[in-house]
>>> print(open('coords.cif').read())   # mmCIF, C-alpha atoms and all ligand atoms
data_input
#
loop_
_atom_site.group_PDB
_atom_site.id
_atom_site.type_symbol
_atom_site.label_atom_id
_atom_site.label_comp_id
_atom_site.auth_asym_id
_atom_site.auth_seq_id
_atom_site.Cartn_x
_atom_site.Cartn_y
_atom_site.Cartn_z
ATOM 1 C CA MET O 1 0.754 -18.293 -17.984
ATOM 2 C CA GLU O 2 -0.686 -19.491 -14.717
ATOM 3 C CA ILE O 3 -3.162 -17.272 -12.880
ATOM 4 C CA LEU O 4 -3.559 -18.188 -9.252
ATOM 5 C CA ASN O 5 -5.734 -17.205 -6.360
ATOM 6 C CA THR O 6 -3.815 -15.953 -3.342
ATOM 7 C CA LYS O 7 -3.354 -18.396 -0.461
ATOM 8 C CA VAL O 8 -4.162 -15.747 2.090
ATOM 9 C CA ASN O 9 -6.724 -12.980 1.965
ATOM 10 C CA LEU O 10 -7.061 -9.810 3.972
ATOM 11 C CA ASN O 11 -10.447 -8.334 4.734
ATOM 12 C CA ILE O 12 -9.540 -4.684 4.346
ATOM 13 C CA SER O 13 -12.558 -3.533 6.375
ATOM 14 C CA THR O 14 -11.923 -5.709 9.426
ATOM 15 C CA GLY O 15 -8.166 -6.321 9.127
ATOM 16 C CA ARG O 16 -8.733 -10.092 9.414
ATOM 17 C CA LEU O 17 -6.659 -12.639 7.568
ATOM 18 C CA THR O 18 -8.035 -15.898 6.210
ATOM 19 C CA GLY O 19 -6.212 -18.841 4.707
ATOM 20 C CA GLU O 20 -4.724 -22.154 5.789
ATOM 21 C CA GLU O 21 -1.268 -20.698 6.350
ATOM 22 C CA VAL O 22 -2.420 -18.068 8.804
ATOM 23 C CA LEU O 23 -1.095 -18.647 12.329
ATOM 24 C CA ASN O 24 -3.129 -17.583 15.343
ATOM 25 C CA SER O 25 -2.016 -16.876 18.868
ATOM 26 C CA LYS O 26 -3.851 -15.561 21.897
ATOM 27 C CA LYS O 27 -2.728 -13.895 25.093
ATOM 28 C CA PHE O 28 -4.949 -14.293 28.116
ATOM 29 C CA ILE O 29 -4.692 -12.552 31.485
ATOM 30 C CA LYS O 30 -3.020 -15.667 32.899
ATOM 31 C CA ASP O 31 -0.221 -15.419 30.280
ATOM 32 C CA LEU O 32 0.696 -11.858 31.203
ATOM 33 C CA LYS O 33 2.357 -12.251 34.589
ATOM 34 C CA ASP O 34 4.378 -9.162 35.596
ATOM 35 C CA VAL O 35 3.419 -7.276 32.419
ATOM 36 C CA PHE O 36 1.095 -4.831 34.166
ATOM 37 C CA LEU O 37 2.027 -2.517 37.035
ATOM 38 C CA ASN O 38 -0.496 -3.972 39.459
ATOM 39 C CA GLU O 39 0.383 -7.665 39.510
ATOM 40 C CA GLU O 40 -1.924 -8.273 42.466
ATOM 41 C CA VAL O 41 -4.974 -7.049 40.538
ATOM 42 C CA ARG O 42 -3.909 -9.020 37.428
ATOM 43 C CA GLY O 43 -3.713 -12.161 39.552
ATOM 44 C CA SER O 44 -7.215 -11.561 40.897
ATOM 45 C CA LEU O 45 -8.801 -11.265 37.412
ATOM 46 C CA ALA O 46 -10.243 -14.237 35.508
ATOM 47 C CA GLY O 47 -7.251 -15.967 33.928
ATOM 48 C CA ASP O 48 -9.145 -16.893 30.777
ATOM 49 C CA GLU O 49 -10.003 -13.283 29.896
ATOM 50 C CA LEU O 50 -8.592 -12.580 26.421
ATOM 51 C CA VAL O 51 -6.333 -9.501 26.294
ATOM 52 C CA TYR O 52 -5.044 -9.707 22.716
ATOM 53 C CA GLU O 53 -4.696 -11.997 19.752
ATOM 54 C CA VAL O 54 -2.412 -12.028 16.751
ATOM 55 C CA GLN O 55 -2.807 -13.523 13.311
ATOM 56 C CA ALA O 56 0.397 -13.869 11.321
ATOM 57 C CA TYR O 57 1.294 -14.801 7.773
ATOM 58 C CA LEU O 58 4.929 -15.871 7.482
ATOM 59 C CA PRO O 59 5.422 -16.738 3.802
ATOM 60 C CA VAL O 60 9.160 -17.443 4.237
ATOM 61 C CA GLU O 61 11.175 -19.088 7.002
ATOM 62 C CA GLU O 62 11.659 -16.936 10.121
ATOM 63 C CA GLY O 63 15.127 -15.410 10.132
ATOM 64 C CA LYS O 64 15.470 -15.398 6.357
ATOM 65 C CA GLN O 65 16.802 -12.128 4.971
ATOM 66 C CA GLY O 66 14.789 -10.184 2.400
ATOM 67 C CA GLY O 67 11.296 -11.479 3.180
ATOM 68 C CA LEU O 68 8.349 -9.743 4.796
ATOM 69 C CA PHE O 69 5.840 -10.897 7.375
ATOM 70 C CA PHE O 70 2.295 -9.657 7.842
ATOM 71 C CA GLY O 71 0.242 -9.531 11.023
ATOM 72 C CA ASN O 72 -3.164 -8.623 12.313
ATOM 73 C CA SER O 73 -3.442 -7.841 16.019
ATOM 74 C CA THR O 74 -6.547 -7.232 18.105
ATOM 75 C CA VAL O 75 -6.256 -5.733 21.574
ATOM 76 C CA TYR O 76 -9.492 -6.039 23.542
ATOM 77 C CA PRO O 77 -10.825 -3.199 25.700
ATOM 78 C CA GLY O 78 -10.152 -3.476 29.395
ATOM 79 C CA ARG O 79 -7.794 -2.513 32.176
ATOM 80 C CA VAL O 80 -5.734 -4.062 34.913
ATOM 81 C CA ASP O 81 -6.406 -1.597 37.706
ATOM 82 C CA ASN O 82 -5.930 1.716 35.831
ATOM 83 C CA GLU O 83 -3.601 0.378 33.113
ATOM 84 C CA TYR O 84 -5.081 -0.330 29.692
ATOM 85 C CA TYR O 85 -4.942 -3.772 28.126
ATOM 86 C CA MET O 86 -1.859 -3.811 25.938
ATOM 87 C CA THR O 87 0.612 -6.021 24.115
ATOM 88 C CA ARG O 88 3.763 -7.257 25.892
ATOM 89 C CA GLY O 89 5.933 -5.170 23.592
ATOM 90 C CA HIS O 90 9.391 -5.982 22.276
ATOM 91 C CA PHE O 91 12.547 -4.834 20.560
ATOM 92 C CA HIS O 92 13.429 -6.726 17.430
ATOM 93 C CA GLU O 93 16.113 -9.359 17.931
ATOM 94 C CA ASN O 94 17.815 -8.114 14.799
ATOM 95 C CA PHE O 95 17.997 -4.745 16.513
ATOM 96 C CA ASP O 96 18.001 -2.321 13.593
ATOM 97 C CA THR O 97 14.931 -3.603 11.766
ATOM 98 C CA ALA O 98 11.875 -1.399 11.303
ATOM 99 C CA GLU O 99 8.159 -2.146 11.067
ATOM 100 C CA TYR O 100 4.911 -0.577 9.880
ATOM 101 C CA TYR O 101 1.748 -0.616 11.970
ATOM 102 C CA TRP O 102 -1.523 0.836 10.746
ATOM 103 C CA CYS O 103 -4.768 1.068 12.613
ATOM 104 C CA VAL O 104 -7.850 -0.554 11.114
ATOM 105 C CA GLN O 105 -10.359 0.022 13.901
ATOM 106 C CA GLY O 106 -10.604 1.380 17.421
ATOM 107 C CA GLU O 107 -8.618 3.803 19.507
ATOM 108 C CA GLY O 108 -5.307 3.354 21.176
ATOM 109 C CA MET O 109 -1.750 4.391 21.672
ATOM 110 C CA LEU O 110 1.474 3.067 20.226
ATOM 111 C CA ILE O 111 4.147 3.373 22.903
ATOM 112 C CA LEU O 112 7.678 3.601 21.565
ATOM 113 C CA MET O 113 10.901 3.406 23.561
ATOM 114 C CA ASP O 114 14.361 3.892 22.086
ATOM 115 C CA GLU O 115 17.559 2.210 23.258
ATOM 116 C CA ASP O 116 18.215 5.049 25.740
ATOM 117 C CA ARG O 117 14.763 4.369 27.235
ATOM 118 C CA ASN O 118 13.297 7.644 25.920
ATOM 119 C CA ILE O 119 9.555 7.228 25.451
ATOM 120 C CA ARG O 120 7.100 8.705 22.996
ATOM 121 C CA ALA O 121 3.605 7.699 21.961
ATOM 122 C CA GLU O 122 1.521 7.946 18.807
ATOM 123 C CA LYS O 123 -2.276 8.044 18.759
ATOM 124 C CA MET O 124 -3.897 5.157 16.943
ATOM 125 C CA GLN O 125 -7.203 5.584 15.180
ATOM 126 C CA GLN O 126 -8.610 4.214 11.930
ATOM 127 C CA GLY O 127 -6.098 4.972 9.167
ATOM 128 C CA SER O 128 -3.190 6.103 11.343
ATOM 129 C CA LEU O 129 0.076 4.842 9.875
ATOM 130 C CA HIS O 130 3.006 4.231 12.202
ATOM 131 C CA TYR O 131 6.575 3.817 11.084
ATOM 132 C CA ILE O 132 8.513 2.118 13.874
ATOM 133 C CA PRO O 133 12.219 2.669 13.245
ATOM 134 C CA GLY O 134 14.837 0.075 14.092
ATOM 135 C CA LYS O 135 16.187 -0.061 17.674
ATOM 136 C CA VAL O 136 12.804 1.048 19.051
ATOM 137 C CA ALA O 137 10.656 -1.114 21.334
ATOM 138 C CA HIS O 138 6.950 -1.046 20.557
ATOM 139 C CA ARG O 139 3.789 -1.827 22.492
ATOM 140 C CA VAL O 140 0.109 -1.032 21.830
ATOM 141 C CA ALA O 141 -2.519 -0.099 24.424
ATOM 142 C CA ASN O 142 -6.255 -0.007 23.790
ATOM 143 C CA THR O 143 -7.635 3.257 25.233
ATOM 144 C CA GLY O 144 -11.122 2.872 23.756
ATOM 145 C CA THR O 145 -14.296 1.006 24.594
ATOM 146 C CA GLY O 146 -14.289 -1.335 21.573
ATOM 147 C CA LYS O 147 -11.596 -3.572 20.174
ATOM 148 C CA LEU O 148 -8.447 -2.057 18.698
ATOM 149 C CA VAL O 149 -7.334 -3.698 15.461
ATOM 150 C CA PHE O 150 -4.075 -2.979 13.664
ATOM 151 C CA ASN O 151 -2.156 -4.588 10.842
ATOM 152 C CA ALA O 152 1.611 -4.805 10.704
ATOM 153 C CA CYS O 153 4.389 -5.576 8.255
ATOM 154 C CA TRP O 154 7.943 -6.398 9.341
ATOM 155 C CA PRO O 155 11.094 -8.000 7.908
ATOM 156 C CA SER O 156 11.328 -11.788 8.123
ATOM 157 C CA ASP O 157 14.736 -11.550 9.808
ATOM 158 C CA ALA O 158 13.562 -9.126 12.547
ATOM 159 C CA GLY O 159 12.865 -11.665 15.293
ATOM 160 C CA HIS O 160 11.432 -10.706 18.677
ATOM 161 C CA ASN O 161 13.392 -9.867 21.801
ATOM 162 C CA TYR O 162 10.942 -10.047 24.707
ATOM 163 C CA LYS O 163 13.617 -10.565 27.352
ATOM 164 C CA GLU O 164 14.742 -6.953 27.482
ATOM 165 C CA ILE O 165 11.173 -5.825 28.248
ATOM 166 C CA ASP O 166 10.582 -8.736 30.661
ATOM 167 C CA ASP O 167 13.708 -7.711 32.575
ATOM 168 C CA HIS O 168 13.467 -3.919 32.479
ATOM 169 C CA GLY O 169 9.954 -3.034 31.246
ATOM 170 C CA PHE O 170 9.159 0.189 29.413
ATOM 171 C CA SER O 171 10.217 3.416 31.147
ATOM 172 C CA ALA O 172 6.630 4.726 31.094
ATOM 173 C CA ARG O 173 3.160 3.249 31.366
ATOM 174 C CA LEU O 174 -0.133 4.378 29.874
ATOM 175 C CA LEU O 175 -2.606 4.769 32.720
ATOM 176 C CA GLU O 176 -6.126 6.128 32.951
ATOM 177 C CA ILE O 177 -6.113 9.012 35.389
ATOM 178 C CA ASN O 178 -9.286 11.038 36.037
ATOM 179 C CA GLY O 179 -10.864 9.526 32.913
ATOM 180 C CA LYS O 180 -7.952 10.486 30.664
ATOM 181 C CA SER O 181 -4.991 8.524 29.394
ATOM 182 C CA ALA O 182 -1.616 9.677 30.670
ATOM 183 C CA LEU O 183 1.878 8.405 29.996
ATOM 184 C CA ILE O 184 3.429 8.053 33.422
ATOM 185 C CA THR O 185 7.131 7.538 34.026
ATOM 186 C CA GLU O 186 7.716 4.340 35.993
ATOM 187 C CA ILE O 187 6.390 4.754 39.505
HETATM 188 C C1 LIG O 201 3.462 -7.388 16.059
HETATM 189 C C2 LIG O 201 3.340 -7.891 17.506
HETATM 190 C C3 LIG O 201 1.902 -8.130 17.992
HETATM 191 C C4 LIG O 201 1.853 -8.641 19.457
HETATM 192 O O1 LIG O 201 3.025 -8.354 15.163
HETATM 193 O O2 LIG O 201 4.113 -9.071 17.625
HETATM 194 O O3 LIG O 201 1.159 -6.945 17.910
HETATM 195 O O4 LIG O 201 2.681 -7.911 20.313
HETATM 196 P P1 LIG O 201 3.829 -8.638 21.137
HETATM 197 O O5 LIG O 201 4.637 -9.429 20.129
HETATM 198 O O6 LIG O 201 4.622 -7.550 21.755
HETATM 199 O O7 LIG O 201 3.180 -9.562 22.115
HETATM 200 C C5 LIG O 201 4.920 -7.013 15.846
HETATM 201 O O8 LIG O 201 5.359 -6.004 16.361
HETATM 202 N N1 LIG O 201 5.729 -7.828 15.162
HETATM 203 O O9 LIG O 201 7.030 -7.548 15.014
HETATM 204 ZN ZN ZN O 202 7.602 -5.803 16.146
#
>>> encode(input="coords.cif", output="structure tokens")
Amino acid sequence: MEILNTKVNLNISTGRLTGEEVLNSKKFIKDLKDVFLNEEVRGSLAGDELVYEVQAYLPVEEGKQGGLFFGNSTVYPGRVDNEYYMTRGHFHENFDTAEYYWCVQGEGMLILMDEDRNIRAEKMQQGSLHYIPGKVAHRVANTGTGKLVFNACWPSDAGHNYKEIDDHGFSARLLEINGKSALITEI
């Protein structure tokens, strides 16, 4: 019997993945054109400011049925005008595929929008577990002062449909109003 070390390791305190097969991607202010409500303010911010980064472990080919992918996302604290730094958000390409998110560190909000554009949000804090059903778009905003870290697990045939959100956005935005976060229907 062969006993092997795993190729990838997860630091369960920090949520960070290590290993040669881990993919890394970063989203800077300059990459997020038209994502935030105030595009003028976004354009005036330093383009190389990091908004979020994602580590991913894809042990099987993307699109393959039956596999699972694992991710670690970090959303940095900050705002564009009064809108919190957040992920672009997406539906899954394979529409009816679900996903788990769980929060490792920080404070934030998971914004969920169903196919009829109904919105709800779930508070994220260390240990919060979020089941994202199929057919539901998902986006994460950092409402805290430190980084927000969450891990995720999703099916390898889920895929990402960003176009729908690029074209129509979410029907509500998480804004800071009088020092408090509020989910505001598109203004
Ligand atoms: C996550 C997200 C990650 C970044 O791994 O892809 O948090 O968000 P965007 O993909 O919306 O930029 C996930 O939901 N995977 O399916
Ligand atoms: Zn997803």
>>> resolve_selection(input="coords.cif", expression="the PyMOL selection byres (((chain O and resi 113-123) around 7) and not hetatm)", output="mmCIF file with C-alpha atoms, keeping the file's coordinate frame")
data_model
loop_
_atom_site.group_PDB
_atom_site.id
_atom_site.type_symbol
_atom_site.label_atom_id
_atom_site.label_comp_id
_atom_site.auth_asym_id
_atom_site.auth_seq_id
_atom_site.Cartn_x
_atom_site.Cartn_y
_atom_site.Cartn_z
ATOM 1 C CA GLY O 108 -5.307 3.354 21.176
ATOM 2 C CA MET O 109 -1.750 4.391 21.672
ATOM 3 C CA LEU O 110 1.474 3.067 20.226
ATOM 4 C CA ILE O 111 4.147 3.373 22.903
ATOM 5 C CA LEU O 112 7.678 3.601 21.565
ATOM 6 C CA MET O 124 -3.897 5.157 16.943
ATOM 7 C CA GLN O 125 -7.203 5.584 15.180
ATOM 8 C CA LYS O 135 16.187 -0.061 17.674
ATOM 9 C CA VAL O 136 12.804 1.048 19.051
ATOM 10 C CA ALA O 137 10.656 -1.114 21.334
ATOM 11 C CA HIS O 138 6.950 -1.046 20.557
ATOM 12 C CA PHE O 170 9.159 0.189 29.413
ATOM 13 C CA SER O 171 10.217 3.416 31.147
ATOM 14 C CA ALA O 172 6.630 4.726 31.094
#
>>> atom_distance(input="coords.cif", atom1="atom CA of Ile165 of chain O", atom2="atom CA of Ser25 of chain O")
19.6 Å
>>> atom_distance(input="coords.cif", atom1="atom CA of Pro133 of chain O", atom2="atom CA of Val8 of chain O")
27.1 Å
>>> resolve_selection(input="coords.cif", expression="the PyMOL selection byres (((not hetatm)) within 10 of (chain O and resi 201))", output="VMD selection string")
chain O and resid 25 to 27 32 52 to 57 69 to 75 86 to 93 97 to 101 132 137 to 140 149 to 156 158 to 162 165
>>> closest_residue(input="coords.cif", among="O:Glu176, O:Asp81, O:Asp31, O:Glu107", to="Val51 of chain O", atoms="all atoms listed in the file")
O:Asp31
>>> resolve_selection(input="coords.cif", expression="the PyMOL selection byres (((chain O and resi 179) around 12) and not hetatm)", output="PyMOL selection string")
chain O and resi 82-84+143-144+175-178+180-182
>>> atom_distance(input="coords.cif", atom1="atom CA of Asn142 of chain O", atom2="atom CA of Leu183 of chain O")
13.2 Å
>>> closest_residue(input="coords.cif", among="O:Ala141, O:Val104, O:Leu50, O:Ile3", to="Ile29 of chain O", atoms="only C-alpha atoms")
O:Leu50
>>> residues_around(input="coords.cif", residues="Asp157 of chain O", least_positions_apart="5", cutoff="10 Å", atoms="only C-alpha atoms", output="list in words")
Val60, Glu61, Glu62, Gly63, Lys64, Gln65, Gly66, Gly67, Leu68, Phe69, His92, Glu93, Asn94 and Thr97 of chain O
>>> write_last_selection(input="coords.cif", atoms="C-alpha atoms", output="short mmCIF file (atom, residue, chain, number, x, y, z; two decimals), in the coordinates of the input")
data_model
loop_
_atom_site.label_atom_id
_atom_site.label_comp_id
_atom_site.auth_asym_id
_atom_site.auth_seq_id
_atom_site.Cartn_x
_atom_site.Cartn_y
_atom_site.Cartn_z
CA VAL O 60 9.16 -17.44 4.24
CA GLU O 61 11.18 -19.09 7.00
CA GLU O 62 11.66 -16.94 10.12
CA GLY O 63 15.13 -15.41 10.13
CA LYS O 64 15.47 -15.40 6.36
CA GLN O 65 16.80 -12.13 4.97
CA GLY O 66 14.79 -10.18 2.40
CA GLY O 67 11.30 -11.48 3.18
CA LEU O 68 8.35 -9.74 4.80
CA PHE O 69 5.84 -10.90 7.38
CA HIS O 92 13.43 -6.73 17.43
CA GLU O 93 16.11 -9.36 17.93
CA ASN O 94 17.82 -8.11 14.80
CA THR O 97 14.93 -3.60 11.77
#
>>> closest_residue(input="coords.cif", among="O:Cys103, O:Leu45, O:Leu148, O:Tyr131", to="ligand ZN 202 (chain O)", atoms="only C-alpha atoms and all ligand atoms")
O:Tyr131
>>> closest_residue(input="coords.cif", among="O:Thr145, O:Gln105, O:Ser44, O:Asn11", to="Tyr85 of chain O", atoms="only C-alpha atoms")
O:Thr145
>>> closest_residue(input="coords.cif", among="O:Lys147, O:Lys33, O:His130, O:His168", to="Thr14 of chain O", atoms="only C-alpha atoms")
O:Lys147
>>> closest_residue(input="coords.cif", among="O:Asp96, O:Asp48, O:Glu39, O:Asp167", to="ligand ZN 202 (chain O)", atoms="only C-alpha atoms and all ligand atoms")
O:Asp96
